[in-house]
$ cat protein.txt   # compact mmCIF, C-alpha atoms
# COMPACT_ATOMS: atom_id res chain seq x y z
CA MET J 1 -38.43 32.76 -36.12
CA PHE J 2 -38.60 35.47 -33.44
CA VAL J 3 -35.60 34.13 -31.54
CA GLY J 4 -33.54 33.93 -34.75
CA THR J 5 -34.41 37.52 -35.68
CA SER J 6 -33.44 38.72 -32.20
CA ALA J 7 -30.07 37.02 -32.51
CA VAL J 8 -29.35 38.75 -35.83
CA VAL J 9 -30.23 42.16 -34.38
CA LEU J 10 -28.01 41.60 -31.36
CA SER J 11 -25.16 40.52 -33.64
CA LEU J 12 -25.46 43.72 -35.69
CA LEU J 13 -25.29 45.69 -32.46
CA GLY J 14 -22.00 44.03 -31.64
CA VAL J 15 -23.25 41.62 -29.00
CA GLY J 16 -21.04 38.54 -28.81
CA ALA J 17 -22.12 34.94 -29.41
CA SER J 18 -22.03 34.00 -25.72
CA ALA J 19 -24.31 36.90 -24.83
CA ILE J 20 -26.65 35.99 -27.68
CA GLY J 21 -26.78 32.45 -26.34
CA ALA J 22 -27.68 33.72 -22.87
CA VAL J 23 -30.50 35.88 -24.24
CA VAL J 24 -31.88 33.02 -26.32
CA ALA J 25 -31.63 30.57 -23.42
CA LYS J 26 -33.43 32.99 -21.13
CA ARG J 27 -36.22 33.46 -23.67
CA ILE J 28 -36.61 29.73 -24.26
CA SER J 29 -36.71 29.03 -20.51
CA HIS J 30 -39.87 31.14 -20.24
CA VAL J 31 -41.69 29.58 -23.20
CA LYS J 32 -44.81 27.78 -22.02
CA ARG J 33 -45.89 24.50 -23.46
CA ALA J 34 -49.48 24.17 -24.66
CA ALA J 35 -52.31 24.18 -22.18
CA LEU J 36 -53.62 20.92 -20.81
CA PRO J 37 -55.95 19.17 -23.26
CA ASP J 38 -59.60 20.15 -22.93
CA TYR J 39 -60.58 16.62 -21.99
CA ALA J 40 -58.30 16.74 -18.92
CA LEU J 41 -60.68 19.29 -17.40
CA ILE J 42 -63.94 18.13 -18.99
CA TYR J 43 -63.53 14.71 -17.36
CA ALA J 44 -61.67 15.77 -14.21
CA PRO J 45 -62.99 13.98 -11.12
CA TYR J 46 -65.32 15.65 -8.68
CA ALA J 47 -63.95 14.92 -5.20
CA TYR J 48 -66.11 14.69 -2.09
CA PHE J 49 -64.71 15.24 1.38
CA TYR J 50 -66.31 13.41 4.29
CA SER J 51 -68.94 15.57 5.97
CA GLY J 52 -66.97 15.47 9.23
CA GLU J 53 -63.53 16.20 7.73
CA THR J 54 -61.18 18.29 9.87
CA TYR J 55 -57.92 18.24 7.85
CA TRP J 56 -58.36 19.96 4.50
CA ALA J 57 -56.34 20.36 1.33
CA SER J 58 -53.26 22.56 1.62
CA ASP J 59 -51.14 24.77 -0.62
CA ILE J 60 -47.57 23.48 -0.93
CA THR J 61 -46.21 27.03 -0.52
CA GLU J 62 -47.78 27.39 2.92
CA HIS J 63 -46.62 23.90 3.88
CA LEU J 64 -43.03 24.83 3.04
CA GLU J 65 -43.27 28.01 5.11
CA HIS J 66 -43.97 25.94 8.23
CA THR J 67 -41.48 23.10 7.75
CA THR J 68 -37.69 22.75 7.82
CA PRO J 69 -35.69 20.13 5.87
CA GLN J 70 -34.08 17.74 8.33
CA ILE J 71 -32.02 14.56 8.15
CA ASN J 72 -31.94 12.42 11.29
CA PHE J 73 -33.85 15.20 13.06
CA ALA J 74 -31.16 17.82 12.37
CA PRO J 75 -31.73 20.78 9.99
CA VAL J 76 -29.83 20.54 6.70
CA ALA J 77 -31.20 23.60 4.90
CA SER J 78 -32.95 26.78 5.82
CA THR J 79 -34.50 27.32 2.40
CA ARG J 80 -38.15 26.43 2.23
CA THR J 81 -39.46 27.72 -1.08
CA VAL J 82 -40.96 25.92 -4.04
CA GLU J 83 -38.33 27.44 -6.31
CA SER J 84 -35.39 26.07 -4.28
CA LEU J 85 -36.85 22.78 -3.06
CA ASN J 86 -35.02 20.59 -5.56
CA ALA J 87 -31.69 21.77 -4.11
CA VAL J 88 -32.58 20.11 -0.78
CA PRO J 89 -31.02 16.63 -0.33
CA THR J 90 -33.41 13.87 -1.30
CA ASP J 91 -32.93 12.05 2.00
CA ALA J 92 -34.37 15.05 3.85
CA TYR J 93 -37.74 15.28 5.55
CA LEU J 94 -39.83 18.48 5.54
CA THR J 95 -40.26 18.60 9.30
CA SER J 96 -42.98 20.56 11.07
CA ASN J 97 -41.80 23.61 12.99
CA ASP J 98 -44.74 23.09 15.37
CA ASN J 99 -45.86 20.28 17.61
CA VAL J 100 -48.43 18.58 15.39
CA GLU J 101 -50.53 17.65 18.42
CA ASP J 102 -51.23 21.35 18.91
CA ASN J 103 -53.10 21.35 15.57
CA PRO J 104 -51.62 24.59 14.19
CA ALA J 105 -53.84 26.36 11.66
CA TRP J 106 -51.59 25.62 8.67
CA LEU J 107 -51.75 21.89 9.43
CA VAL J 108 -55.55 21.82 9.65
CA SER J 109 -55.99 24.15 6.65
CA ALA J 110 -59.60 24.95 7.54
CA ASN J 111 -59.35 28.12 5.44
CA ASN J 112 -59.05 25.90 2.37
CA LYS J 113 -62.35 24.12 2.87
CA PRO J 114 -64.17 24.31 -0.48
CA ASP J 115 -67.05 26.75 -0.77
CA SER J 116 -70.53 25.94 -2.05
CA SER J 117 -69.29 26.00 -5.66
CA GLY J 118 -66.52 23.48 -4.96
CA TYR J 119 -63.77 26.10 -5.06
CA SER J 120 -60.82 25.67 -2.66
CA THR J 121 -58.02 28.19 -2.15
CA ALA J 122 -55.60 25.23 -2.08
CA PRO J 123 -54.48 24.50 -5.66
CA ALA J 124 -54.54 20.93 -6.93
CA THR J 125 -51.72 19.72 -9.18
CA ILE J 126 -52.71 18.31 -12.57
CA ILE J 127 -50.09 16.50 -14.67
CA ALA J 128 -50.71 15.17 -18.19
CA VAL J 129 -48.43 12.32 -19.29
CA PRO J 130 -48.53 11.42 -23.03
CA LYS J 131 -47.67 7.84 -23.92
CA SER J 132 -47.73 5.65 -27.02
CA ASP J 133 -50.80 4.52 -28.97
CA GLY J 134 -52.79 7.68 -28.27
CA ILE J 135 -52.67 7.20 -24.48
CA VAL J 136 -52.53 10.21 -22.17
CA ASP J 137 -52.66 9.62 -18.41
CA VAL J 138 -53.87 12.67 -16.51
CA PHE J 139 -52.99 12.69 -12.81
CA TYR J 140 -54.97 14.81 -10.37
CA PHE J 141 -52.84 15.28 -7.27
CA TYR J 142 -54.29 16.40 -3.95
CA PHE J 143 -51.95 17.68 -1.25
CA TYR J 144 -52.69 17.88 2.48
CA SER J 145 -50.39 19.08 5.23
CA TYR J 146 -51.59 16.33 7.57
CA ASN J 147 -52.80 12.77 7.46
CA ARG J 148 -54.73 11.68 10.54
CA GLY J 149 -54.73 7.91 10.86
CA ASN J 150 -57.57 5.64 11.91
CA THR J 151 -58.16 3.81 15.18
CA VAL J 152 -58.10 0.20 16.32
CA LEU J 153 -59.96 -0.30 19.61
CA GLY J 154 -59.63 3.43 20.19
CA ILE J 155 -55.87 3.60 19.49
CA ARG J 156 -54.80 5.72 16.54
CA PHE J 157 -52.17 4.58 14.04
CA GLY J 158 -50.60 6.10 10.95
CA ASN J 159 -50.50 9.85 11.57
CA HIS J 160 -48.03 11.75 9.40
CA VAL J 161 -47.18 15.25 8.23
CA GLY J 162 -47.64 15.78 4.49
CA ASP J 163 -50.02 13.72 2.38
CA TRP J 164 -50.01 13.28 -1.41
CA GLU J 165 -52.96 11.38 -2.88
CA HIS J 166 -54.16 11.22 -6.47
CA SER J 167 -56.67 9.99 -8.94
CA MET J 168 -55.76 9.30 -12.56
CA VAL J 169 -57.86 9.11 -15.70
CA ARG J 170 -56.42 7.26 -18.69
CA PHE J 171 -57.49 8.67 -22.05
CA VAL J 172 -57.09 6.98 -25.42
CA ASN J 173 -57.35 9.39 -28.33
CA GLY J 174 -59.05 11.86 -25.99
CA VAL J 175 -61.69 9.41 -24.72
CA PRO J 176 -61.66 8.40 -21.03
CA GLN J 177 -61.12 4.66 -20.60
CA ASN J 178 -60.05 4.01 -17.01
CA VAL J 179 -59.81 5.57 -13.58
CA TYR J 180 -57.22 4.85 -10.88
CA LEU J 181 -57.81 5.91 -7.27
CA SER J 182 -54.91 5.95 -4.81
CA ALA J 183 -55.45 4.75 -1.25
CA HIS J 184 -52.63 4.50 1.31
CA SER J 185 -49.74 2.60 -0.31
CA GLY J 186 -51.88 1.21 -3.16
CA GLY J 187 -55.08 1.88 -5.01
CA THR J 188 -57.82 0.47 -7.24
CA SER J 189 -58.37 0.63 -11.00
CA TYR J 190 -61.75 0.80 -12.75
CA THR J 191 -63.16 1.04 -16.20
CA TYR J 192 -64.47 4.53 -16.79
CA ASP J 193 -68.00 3.17 -17.25
CA ALA J 194 -67.90 1.54 -13.83
CA ILE J 195 -67.48 4.79 -11.89
CA ASP J 196 -70.46 6.88 -10.79
CA LYS J 197 -70.47 10.30 -12.44
CA LEU J 198 -71.87 13.78 -12.17
CA ASP J 199 -72.23 15.63 -15.48
CA GLY J 200 -69.97 13.04 -17.06
CA ARG J 201 -67.19 13.50 -14.50
CA PRO J 202 -66.12 10.70 -12.12
CA LYS J 203 -67.16 10.98 -8.49
CA VAL J 204 -64.34 10.31 -6.02
CA TYR J 205 -64.83 10.03 -2.26
CA ILE J 206 -62.03 11.20 0.04
CA ALA J 207 -61.73 9.34 3.35
CA THR J 208 -61.79 11.42 6.51
CA GLY J 209 -58.34 12.10 7.92
CA THR J 210 -56.37 9.71 5.71
CA HIS J 211 -57.58 11.24 2.41
CA ALA J 212 -57.52 7.88 0.66
CA ASN J 213 -59.65 7.86 -2.51
CA TYR J 214 -62.58 5.54 -3.11
CA ALA J 215 -65.26 5.02 -5.74
CA THR J 216 -68.13 4.70 -3.27
CA ALA J 217 -69.38 6.35 -0.11
CA GLY J 218 -69.45 4.39 3.13
CA GLU J 219 -67.10 2.34 5.28
CA GLN J 220 -63.97 1.14 3.49
CA ASP J 221 -61.89 -1.69 5.02
CA TYR J 222 -58.14 -2.10 4.69
CA SER J 223 -55.87 -4.60 6.37
CA LEU J 224 -53.17 -4.37 8.99
CA PRO J 225 -50.95 -7.28 10.03
CA PHE J 226 -53.04 -7.70 13.20
CA GLY J 227 -56.52 -6.55 12.18
CA LEU J 228 -58.66 -4.22 10.11
CA LEU J 229 -58.92 -0.46 9.86
CA HIS J 230 -61.86 1.41 8.41
CA ASP J 231 -61.75 4.48 6.20
CA THR J 232 -64.96 6.51 6.14
CA THR J 233 -66.38 8.39 3.15
CA ASP J 234 -69.56 10.17 2.21
CA ALA J 235 -70.81 12.83 -0.21
CA GLY J 236 -69.96 15.71 2.10
CA THR J 237 -68.17 18.80 0.77
CA LEU J 238 -67.60 18.95 -3.01
CA TRP J 239 -64.13 19.88 -4.32
CA ASP J 240 -63.83 20.85 -8.00
CA VAL J 241 -60.10 20.83 -8.71
CA THR J 242 -60.52 22.50 -12.11
CA LYS J 243 -61.25 25.84 -10.41
CA ASN J 244 -57.75 26.19 -8.93
CA PHE J 245 -54.73 24.16 -10.00
CA ARG J 246 -51.12 24.10 -11.13
CA GLY J 247 -50.85 22.44 -14.55
CA PHE J 248 -47.94 20.50 -16.05
CA TRP J 249 -46.87 18.08 -18.75
CA TYR J 250 -44.47 15.21 -18.13
CA ASP J 251 -42.81 13.48 -21.08
CA GLY J 252 -41.30 10.61 -19.13
CA SER J 253 -38.11 12.43 -18.20
CA ALA J 254 -38.89 16.12 -17.67
CA PHE J 255 -41.71 18.41 -16.56
CA THR J 256 -42.86 21.47 -18.48
CA PRO J 257 -45.51 23.97 -17.41
CA ALA J 258 -49.02 24.08 -18.78
CA GLU J 259 -51.60 26.72 -17.99
CA GLY J 260 -53.05 26.39 -14.53
CA ALA J 261 -56.05 28.18 -13.07
CA ASP J 262 -56.65 30.80 -10.39
CA ILE J 263 -54.12 30.86 -7.51
CA GLY J 264 -52.22 27.83 -8.79
CA GLY J 265 -51.98 29.22 -12.29
CA ALA J 266 -50.79 32.59 -11.03
CA LYS J 267 -48.07 31.10 -8.83
CA GLN J 268 -46.62 28.41 -11.03
CA GLU J 269 -44.75 30.53 -13.58
CA ALA J 270 -42.48 32.03 -10.92
CA GLU J 271 -42.18 28.70 -9.09
CA GLY J 272 -40.91 26.77 -12.10
CA VAL J 273 -41.08 22.99 -12.40
CA SER J 274 -37.98 21.74 -10.55
CA TRP J 275 -39.89 21.09 -7.31
CA LEU J 276 -41.75 18.27 -9.02
CA SER J 277 -38.47 16.37 -9.40
CA TRP J 278 -37.64 16.44 -5.68
CA LEU J 279 -37.67 12.92 -4.23
CA GLY J 280 -37.44 13.77 -0.54
CA LYS J 281 -40.19 13.34 2.04
CA TRP J 282 -42.94 15.93 2.43
CA GLY J 283 -43.31 15.43 6.17
CA ASP J 284 -41.59 14.50 9.42
CA GLN J 285 -39.38 11.47 9.78
CA GLN J 286 -41.03 8.74 11.84
CA TYR J 287 -40.65 9.78 15.47
CA PRO J 288 -38.29 7.63 17.54
CA ASN J 289 -39.64 5.46 20.33
CA SER J 290 -38.06 7.88 22.80
CA ASP J 291 -40.54 10.56 21.70
CA ASP J 292 -43.45 10.72 24.16
CA ARG J 293 -45.89 10.99 21.24
CA GLN J 294 -44.76 7.73 19.70
CA TYR J 295 -45.86 4.14 20.28
CA GLY J 296 -46.08 1.02 18.18
CA ILE J 297 -47.04 -2.63 18.04
CA PHE J 298 -46.66 -5.33 15.38
CA GLY J 299 -44.75 -2.88 13.18
CA GLN J 300 -47.53 -0.26 13.19
CA TYR J 301 -46.87 3.16 14.72
CA HIS J 302 -48.74 6.20 15.95
CA TYR J 303 -46.56 8.49 13.81
CA VAL J 304 -44.93 7.39 10.55
CA SER J 305 -42.79 9.21 8.00
CA GLY J 306 -44.19 11.65 5.49
CA PRO J 307 -44.62 10.65 1.82
CA THR J 308 -42.73 11.34 -1.38
CA GLY J 309 -44.15 13.67 -4.02
CA PRO J 310 -45.73 13.25 -7.48
CA LEU J 311 -42.63 12.01 -9.34
CA ALA J 312 -42.48 8.94 -7.09
CA LYS J 313 -46.04 7.92 -7.99
CA ASN J 314 -45.05 5.98 -11.11
CA LEU J 315 -46.11 8.57 -13.68
CA ASN J 316 -44.55 6.45 -16.44
CA ARG J 317 -46.69 3.43 -15.63
CA ALA J 318 -47.62 1.19 -18.54
CA THR J 319 -50.70 -0.31 -16.91
CA VAL J 320 -53.48 1.70 -15.29
CA CYS J 321 -52.58 0.51 -11.80
CA GLY J 322 -48.84 0.71 -12.33
CA GLY J 323 -48.08 -2.97 -11.75
CA ASP J 324 -47.73 -6.07 -13.89
CA ASP J 325 -50.81 -7.70 -12.38
CA CYS J 326 -53.42 -5.01 -12.97
CA ASP J 327 -56.94 -6.04 -11.97
CA ILE J 328 -59.29 -3.48 -13.49
CA GLN J 329 -62.70 -3.48 -11.85
CA THR J 330 -65.77 -3.35 -14.09
CA SER J 331 -68.11 -2.38 -11.26
CA THR J 332 -67.85 -0.67 -7.89
CA PHE J 333 -68.25 -2.50 -4.62
CA ALA J 334 -71.05 -1.46 -2.32
CA ALA J 335 -69.49 -0.19 0.90
CA ALA J 336 -70.97 -0.69 4.33
CA ALA J 337 -72.93 2.25 5.69
CA ALA J 338 -70.67 4.83 7.27
CA VAL J 339 -70.75 5.37 11.02
CA GLU J 340 -70.81 9.02 12.03
CA GLY J 341 -67.30 10.07 13.00
CA GLY J 342 -65.80 6.92 11.50
CA SER J 343 -65.71 3.28 12.56
CA ASP J 344 -63.24 1.82 15.02
CA GLY J 345 -60.99 -0.95 13.71
CA VAL J 346 -60.85 -4.52 14.96
CA VAL J 347 -58.09 -6.87 16.13
CA TYR J 348 -57.87 -10.48 14.98
CA ASP J 349 -58.45 -12.98 17.81
CA GLU J 350 -54.91 -14.33 17.81
CA TYR J 351 -53.52 -10.87 18.54
CA ALA J 352 -56.16 -9.77 21.04
CA ASP J 353 -54.30 -10.56 24.29
CA ASP J 354 -51.11 -8.81 23.19
CA PHE J 355 -53.04 -5.82 21.92
CA ASN J 356 -55.07 -5.45 25.12
CA ALA J 357 -51.87 -5.52 27.19
CA PHE J 358 -50.40 -2.90 24.86
CA LYS J 359 -53.43 -0.67 25.33
CA GLU J 360 -53.30 -1.01 29.11
CA ASP J 361 -49.66 0.13 29.03
CA LEU J 362 -50.60 3.21 26.95
CA ILE J 363 -53.31 4.10 29.44
CA ALA J 364 -50.91 3.63 32.38
CA ARG J 365 -48.38 6.06 30.91
CA ASN J 366 -51.07 8.53 29.89
CA ALA J 367 -50.15 8.34 26.20
CA SER J 368 -52.05 10.52 23.74
CA TYR J 369 -53.26 7.48 21.79
CA HIS J 370 -56.54 9.09 20.70
CA VAL J 371 -54.87 12.09 18.95
$ encode --input "protein.txt" --output "structure tokens"
Amino acid sequence: MFVGTSAVVLSLLGVGASAIGAVVAKRISHVKRAALPDYALIYAPYAYFYSGETYWASDITEHLEHTTPQINFAPVASTRTVESLNAVPTDAYLTSNDNVEDNPAWLVSANNKPDSSGYSTAPATIIAVPKSDGIVDVFYFYFYSYNRGNTVLGIRFGNHVGDWEHSMVRFVNGVPQNVYLSAHSGGTSYTYDAIDKLDGRPKVYIATGTHANYATAGEQDYSLPFGLLHDTTDAGTLWDVTKNFRGFWYDGSAFTPAEGADIGGAKQEAEGVSWLSWLGKWGDQQYPNSDDRQYGIFGQYHYVSGPTGPLAKNLNRATVCGGDDCDIQTSTFAAAAAVEGGSDGVVYDEYADDFNAFKEDLIARNASYHV
């Protein structure tokens, strides 16, 4: 009604049709879609960092300030803003301007450690995705500028710049039914009743360094081709993502803004939504073997490539887990007691000789395998 009235007034003033169209388009482009549904915040997960965490949540704007888009280790764009990100080629990597082994402040993000109320200055990203039959999947994305991998016999694997993890709650007619927790390249699905809660909200435990999400505190095993690694979680520092977030809707093909909160809410109107559609990598390309910081064995490397962003996380999934074979857990598994500082991984017997020789070579060349 308002837009139509404006067009009539402009026409009477002698403004041409093309100009009217530009005014209307500009006005429509700034119209906000409705806020996220109340239940998206009422049942938002409480996240717990490990008590010994050293790499905290980050703001994507600060991350972009300290990275340069590169392809094959050569810069392809100088622009590093949220507003212009989607113009960067999708085969680019947001590459650190600093040596990551120097632990620059923006990479560690210690200033974003949540306070006693659970508030962090790093905004989360919350995306509501309506589907058929009353289903709405609400994704709670957590971004970190660095992922520190775990160790096997004292040798660290899987470090990378940029780290997108998420939890998701599936609602049916506004009632929470399931929870999905991402971990590394996969994740685990649960019934909502199975998850431990605080004030009706799911409790999620974030593994130290890797930021994988789990339903229980303790030692969490995951497999490598040659052995086991251990993620470590406990009820350390609480993070309440509802206190500071960017909010969005996704209809299966396009993003529209919803009302965020605090820093995230204040920034997102100017930032727009196009950055969410960027399919490039949010960290460095895997370092070549010629890089003194790199090493690898059995296809596992000290430094691997950074991840893709939210759009690549199967927002349109039909099943809770995103695959055809979706095994939804009806109870949580008791984890082994956590070892302070995290547990060292193990090597299967058949790989032990090769791995020991590999470790001896790293020691001989004074490699930074513990970083």
$ closest_atom_pairs --input "protein.txt" --of "segment 102-162 of chain J" --to "segment 179-195 of chain J" --cutoff "12 Å" --atoms "all atoms listed in the file" --output "CSV"
residue,atom,partner,partner_atom,distance
J:Asp137,CA,J:Val179,CA,9.5
J:Val138,CA,J:Val179,CA,9.7
J:Phe139,CA,J:Tyr180,CA,9.1
J:Tyr140,CA,J:Leu181,CA,9.8
J:Phe141,CA,J:Ser182,CA,9.9
J:Tyr142,CA,J:Ser182,CA,10.5
J:Asn147,CA,J:His184,CA,10.3
J:Arg148,CA,J:His184,CA,11.9
J:Gly149,CA,J:His184,CA,10.4
J:Asn150,CA,J:His184,CA,11.8
J:Gly158,CA,J:His184,CA,10.0
J:Asn159,CA,J:His184,CA,11.8
J:His160,CA,J:His184,CA,11.8
$ residues_around --input "protein.txt" --residues "Arg293 of chain J" --least-positions-apart "3" --cutoff "9 Å" --atoms "all atoms listed in the file" --output "list in words"
Glu101, Tyr287, Asn289, Ser290, His302, Tyr303, Ala367, Ser368 and Tyr369 of chain J
$ closest_residue --input "protein.txt" --among "J:Val241, J:Ala318, J:Val346, J:Gly272" --to "Tyr222 of chain J" --atoms "only C-alpha atoms"
J:Val346
$ closest_residue --input "protein.txt" --among "J:Pro176, J:Gly134, J:Gly154, J:Pro288" --to "Asn72 of chain J" --atoms "all atoms listed in the file"
J:Pro288
$ closest_residue --input "protein.txt" --among "J:Val82, J:Pro225, J:Gln285, J:Val172" --to "Glu269 of chain J" --atoms "only C-alpha atoms"
J:Val82
$ residues_around --input "protein.txt" --residues "segment 129-132 of chain J" --least-positions-apart "2" --cutoff "12 Å" --atoms "only C-alpha atoms" --output "PDB file with C-alpha atoms, in the frame of the given file"
ATOM      1  CA  LEU J  36     -53.620  20.920 -20.810  1.00  0.00           C
ATOM      2  CA  PRO J  37     -55.950  19.170 -23.260  1.00  0.00           C
ATOM      3  CA  ALA J  40     -58.300  16.740 -18.920  1.00  0.00           C
ATOM      4  CA  ILE J 126     -52.710  18.310 -12.570  1.00  0.00           C
ATOM      5  CA  ILE J 127     -50.090  16.500 -14.670  1.00  0.00           C
ATOM      6  CA  GLY J 134     -52.790   7.680 -28.270  1.00  0.00           C
ATOM      7  CA  ILE J 135     -52.670   7.200 -24.480  1.00  0.00           C
ATOM      8  CA  VAL J 136     -52.530  10.210 -22.170  1.00  0.00           C
ATOM      9  CA  ASP J 137     -52.660   9.620 -18.410  1.00  0.00           C
ATOM     10  CA  VAL J 138     -53.870  12.670 -16.510  1.00  0.00           C
ATOM     11  CA  PHE J 139     -52.990  12.690 -12.810  1.00  0.00           C
ATOM     12  CA  TYR J 140     -54.970  14.810 -10.370  1.00  0.00           C
ATOM     13  CA  MET J 168     -55.760   9.300 -12.560  1.00  0.00           C
ATOM     14  CA  VAL J 169     -57.860   9.110 -15.700  1.00  0.00           C
ATOM     15  CA  ARG J 170     -56.420   7.260 -18.690  1.00  0.00           C
ATOM     16  CA  PHE J 171     -57.490   8.670 -22.050  1.00  0.00           C
ATOM     17  CA  VAL J 172     -57.090   6.980 -25.420  1.00  0.00           C
ATOM     18  CA  ASN J 173     -57.350   9.390 -28.330  1.00  0.00           C
ATOM     19  CA  GLY J 174     -59.050  11.860 -25.990  1.00  0.00           C
ATOM     20  CA  GLY J 247     -50.850  22.440 -14.550  1.00  0.00           C
ATOM     21  CA  PHE J 248     -47.940  20.500 -16.050  1.00  0.00           C
ATOM     22  CA  TRP J 249     -46.870  18.080 -18.750  1.00  0.00           C
ATOM     23  CA  TYR J 250     -44.470  15.210 -18.130  1.00  0.00           C
ATOM     24  CA  ASP J 251     -42.810  13.480 -21.080  1.00  0.00           C
ATOM     25  CA  GLY J 252     -41.300  10.610 -19.130  1.00  0.00           C
ATOM     26  CA  SER J 253     -38.110  12.430 -18.200  1.00  0.00           C
ATOM     27  CA  ALA J 254     -38.890  16.120 -17.670  1.00  0.00           C
ATOM     28  CA  PHE J 255     -41.710  18.410 -16.560  1.00  0.00           C
ATOM     29  CA  THR J 256     -42.860  21.470 -18.480  1.00  0.00           C
ATOM     30  CA  ALA J 258     -49.020  24.080 -18.780  1.00  0.00           C
ATOM     31  CA  LEU J 311     -42.630  12.010  -9.340  1.00  0.00           C
ATOM     32  CA  ASN J 314     -45.050   5.980 -11.110  1.00  0.00           C
ATOM     33  CA  LEU J 315     -46.110   8.570 -13.680  1.00  0.00           C
ATOM     34  CA  ASN J 316     -44.550   6.450 -16.440  1.00  0.00           C
ATOM     35  CA  ARG J 317     -46.690   3.430 -15.630  1.00  0.00           C
ATOM     36  CA  ALA J 318     -47.620   1.190 -18.540  1.00  0.00           C
ATOM     37  CA  THR J 319     -50.700  -0.310 -16.910  1.00  0.00           C
TER      38      THR J 319
END
$ residues_around --input "protein.txt" --residues "segment 46-53 of chain J" --least-positions-apart "5" --cutoff "9 Å" --atoms "all atoms listed in the file" --output "list in words"
Gly118, Lys197, Leu198, Arg201, Pro202, Lys203, Val204, Tyr205, Ile206, Ala207, Thr208, Gly209, His211, Asn213, Ala217, Thr232, Thr233, Asp234, Ala235, Gly236, Thr237, Leu238, Trp239, Asp240, Val241, Glu340, Gly341 and Gly342 of chain J
$ residues_around --input "protein.txt" --residues "Ala74 of chain J" --least-positions-apart "6" --cutoff "10 Å" --atoms "only C-alpha atoms" --output "ChimeraX atom specification"
/J:68,92-93,95
$ atom_distance --input "protein.txt" --atom1 "atom CA of Gly345 of chain J" --atom2 "atom CA of Ala357 of chain J"
16.9 Å
$ atom_distance --input "protein.txt" --atom1 "atom CA of Pro69 of chain J" --atom2 "atom CA of Val88 of chain J"
7.3 Å
$ residues_around --input "protein.txt" --residues "Gly299 of chain J" --least-positions-apart "2" --cutoff "10 Å" --atoms "only C-alpha atoms" --output "list in words"
Leu224, Pro225, Phe226, Gly296, Ile297 and Tyr301 of chain J
$ closest_residue --input "protein.txt" --among "J:Arg156, J:Ala270, J:Gln329, J:His63" --to "Ala215 of chain J" --atoms "all atoms listed in the file"
J:Gln329
$ closest_residue --input "protein.txt" --among "J:Thr54, J:Thr125, J:Thr61, J:Gln70" --to "Ser109 of chain J" --atoms "only C-alpha atoms"
J:Thr54
$ atom_distance --input "protein.txt" --atom1 "atom CA of Ser120 of chain J" --atom2 "atom CA of Lys243 of chain J"
7.8 Å
$ closest_residue --input "protein.txt" --among "J:Ala312, J:Ala57, J:Leu362, J:Leu64" --to "Ser277 of chain J" --atoms "all atoms listed in the file"
J:Ala312
